[in-house]
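Participant: Take a look at this one; I'll ask things after.
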Amino acid sequence: MQGDTRTMSPPHAGNDDAMASVWRALGSIVDPEIPVVSIVELGIVRNVARAGREWVITLTPTYSGCPATRVIEADVRAAVARIVEGPLRIVTALSPPWSTDWVAPEARRKLADAGIAPPGSGNRPASETRPLLFRRAAVKCPNCGSLRTEELSRFGSTACKSQYRCLDCREPFDYFKPH
Amino acid sequence: MLFDYLLRLADNGLVLAQRLGEWVGRAPVLEEDIASTNVGLDLLGQARLWLAYACEIDTGDAPPVRTEDRLAYYRDAGEFRNLLLVEQPNGNYADTIARQYLFDQWHVLLLAALTASCDARIAAIAAKAVKEARYHVERSADWVIRLGDGSAESHARMQDAMDALWMYTGEMFAVDATERALVDAGIAADAQALQSPWIEAVRAVLSEATLAMPRDDWMQGVHARGGKQGRHTEHLSRLLAEMQILPRSYPDAIW
């Protein structure tokens, strides 16, 4: 990857303080496509480590083709460069693959507040994995809380969402796909 | 050899993503427009992961600069290693769905098998991609059922589409010398072993869709070869002409 290493300017105090502030900085970066949750809460930041003077930040993509990946990397560079000095390396880890199981509980609440049904609120039991039309389990409507909802489309406005509609309040809404 | 195998994996996603992209702005309904392109985006992302790995393989005769873009934009049809199935034209929506389902069902099995590859990079990419492929096959199977078990018109078109594309499926399970050597080394998946679970899954979906299983023809069995060896149908060159024209006309273009 091009331009992975660069030198930061302002010096910083102790290592642990620096580590904590890097995590804080990363925690302030919101997902470019779902700007209500941070990349830490979504489980995109897998690790922050120091190798000598170098900072090594491990990120994992949500979906292989997610167009936000590059923006996230640029945001991480910018945010970390403001906090610490020393070269920064971003490592992309594919394994273990990202899962919505890693989405923090706090982030699930924020998603629901933003009108996006959080992942897993409508998981089908494993016994129902054969393809059967119109038999998705209920996803809770983030607007009125009703479980009487239906899937409109398996895919939505971003790689990580599908489209639903509430049969009670009639509002369409996004569902963060369990993955 | 590994380079060639990685191209086989990459080119399926690259070519099918390009085909799905052709529906942008003109799919039958907006939701399907979005779905097709989202599936294409996943496949393109996967293709990039395979191509990035391919770029790192030293084949001895490598050109000095090998990048994902060079592999995608500067190879001619004869150098592509995708299955004949994925380069077939979009046709009507039943044709597109039949192509997608037949591929997705195979793709899931292939990727699941590749998660056990002794090549850690291949196993990691496969573990990532199989989660996406599982989601893809749910949608394409749903549509096969919806169209097959739909109106008389949609049923007829879905059956025609399955019958027409069936001959290209034999290639998915054919193991040539390149693949055999990599299978023996524990790197590649044994495509032949995927055939019976694939047939079983396809039979279940087609039965649910009230469709008949298509009949095998001469391209199944011993004659099952083509795309993986770089021998393509006429459709691939035209697809590549459109996909590659910008970087070939303006090699310095940046976007």
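Residues in the structure tokens are named by chain (A, B, ... in the order shown) and by number from 1 within that chain; ligands are numbered from 1 in the order shown.
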So that each row is one residue of chain A with an atom at most 8 Å from chain B, can you give its shortest atom pair and the distance in Å to one decimal, using only C-alpha atoms, rows by chain and rising number, as a tab-separated table?

Facilitator:
```
residue	atom	partner	partner_atom	distance
A:Tyr63	CA	B:Asp42	CA	6.7
A:Ser64	CA	B:Gly45	CA	4.5
A:Gly65	CA	B:Gly45	CA	3.7
A:Cys66	CA	B:Gly45	CA	7.3
A:Leu94	CA	B:Ala124	CA	5.9
A:Ser95	CA	B:Ala124	CA	5.3
A:Pro96	CA	B:Ala124	CA	7.4
A:Pro97	CA	B:Lys128	CA	5.0
A:Trp98	CA	B:Lys128	CA	7.6
A:Pro131	CA	B:Glu138	CA	5.9
A:Leu132	CA	B:Asp142	CA	6.6
A:Leu133	CA	B:Asp142	CA	5.7
A:Leu152	CA	B:Glu31	CA	7.8
A:Ser153	CA	B:Glu31	CA	5.9
A:Arg154	CA	B:Arg139	CA	6.8
A:Phe155	CA	B:Ala35	CA	5.1
A:Gly156	CA	B:Ile34	CA	6.6
A:Ser157	CA	B:Ile34	CA	7.5
A:Thr158	CA	B:Asn38	CA	7.9
A:Ala159	CA	B:Asn38	CA	6.2
A:His179	CA	B:Lys131	CA	7.0
```

Participant: Using DSSP on the backbone coordinates, identify all residues within chain A classified as strand (DSSP E); present the result as a PyMOL selection string.

Facilitator: chain A and resi 45-51+54-59+88-92+116-117+149-153+161-166+172-176

Participant: If you count only C-alpha atoms, which residues fall within 10 Å of Phe173 in chain B, apart from same-chain ones fewer than 6 positions away, as a PyMOL selection string?

Facilitator: chain B and resi 106+110+190-196+198+220-221+224-225

Participant: As an MDAnalysis selection string, list the residues of range 49-135 of chain A assigned to alpha helix (DSSP H) by DSSP on the backbone atoms of this structure.

Facilitator: chainID A and resid 69:81 105:113

Participant: Counting only C-alpha atoms, give me one row per residue of range 45-111 of chain A with an atom at most 9 Å from an atom of range 33-40 of chain A, showing the shortest contact pair and its distance in Å to one decimal, sorted by chain then residue number, as a Markdown table.

Facilitator:
```
| residue | atom | partner | partner_atom | distance |
| --- | --- | --- | --- | --- |
| A:Val45 | CA | A:Val40 | CA | 5.2 |
| A:Arg46 | CA | A:Val40 | CA | 8.0 |
| A:Ala68 | CA | A:Glu33 | CA | 7.0 |
| A:Ile72 | CA | A:Ile39 | CA | 8.1 |
| A:Val103 | CA | A:Val40 | CA | 8.6 |
| A:Ala104 | CA | A:Val40 | CA | 8.5 |
| A:Glu106 | CA | A:Val37 | CA | 9.0 |
| A:Ala107 | CA | A:Val37 | CA | 5.9 |
| A:Arg108 | CA | A:Val37 | CA | 8.7 |
| A:Lys110 | CA | A:Val36 | CA | 6.5 |
| A:Leu111 | CA | A:Val36 | CA | 6.9 |
```

Participant: Next, the residues of the selection above should be written as a CSV table (one decimal), in the first residue's frame with C-alpha atoms.

Facilitator:
```
chain,number,residue,atom,x,y,z
A,45,VAL,CA,-10.5,-1.2,14.8
A,46,ARG,CA,-9.0,-4.5,15.8
A,68,ALA,CA,-15.8,3.4,3.0
A,72,ILE,CA,-11.7,5.2,7.1
A,103,VAL,CA,-20.8,-4.2,17.3
A,104,ALA,CA,-20.9,-2.8,20.8
A,106,GLU,CA,-23.9,1.1,23.0
A,107,ALA,CA,-23.6,1.3,19.2
A,108,ARG,CA,-26.7,-0.9,18.9
A,110,LYS,CA,-27.3,4.6,18.8
A,111,LEU,CA,-28.2,2.8,15.6
```

Participant: Neighbours of Val86 in chain B within 10 Å (only C-alpha atoms; same-chain residues fewer than 3 positions away dropped), as number ranges by chain?

Facilitator: B: 11-20, 82-83, 89-90, 96, 99-100, 102-103, 165, 168, 227, 236

Participant: Between CA of Arg165 in chain A and CA of Pro178 in chain A, what distance in Å does the model show, to one decimal?

Facilitator: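 That distance, rounded to one decimal, is 17.2 Å.
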
Participant: One number please: CA of Val76 in chain A to CA of Ile29 in chain A, in Å, one decimal.

Facilitator: 7.4 Å

Participant: Go ahead and compute the interatomic distance for CA of Arg50 in chain A and CA of Asp31 in chain A, in Å to one decimal.

Facilitator: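 Computed distance, CA of Arg50 in chain A to CA of Asp31 in chain A, equals 24.3 Å.
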
Participant: Might you pull out every residue within 8 Å of Gly115 in chain A, with only C-alpha atoms counted and same-chain residues fewer than 6 positions away left off, and present them as a list in words?

Facilitator: Pro142, Asn143, Phe173 and Asp174 of chain A

Participant: Since we have the selection now, will you write its residues out, keeping C-alpha atoms, as a PDB file, in the first residue's frame?

Facilitator:
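Result saved to out.pdb:
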```pdb
ATOM      1  CA  PRO A 142     -36.906   1.327  15.330  1.00  0.00           C
ATOM      2  CA  ASN A 143     -39.679   3.921  15.107  1.00  0.00           C
ATOM      3  CA  PHE A 173     -36.479   1.645   7.778  1.00  0.00           C
ATOM      4  CA  ASP A 174     -32.974   0.236   7.380  1.00  0.00           C
TER       5      ASP A 174
END
```
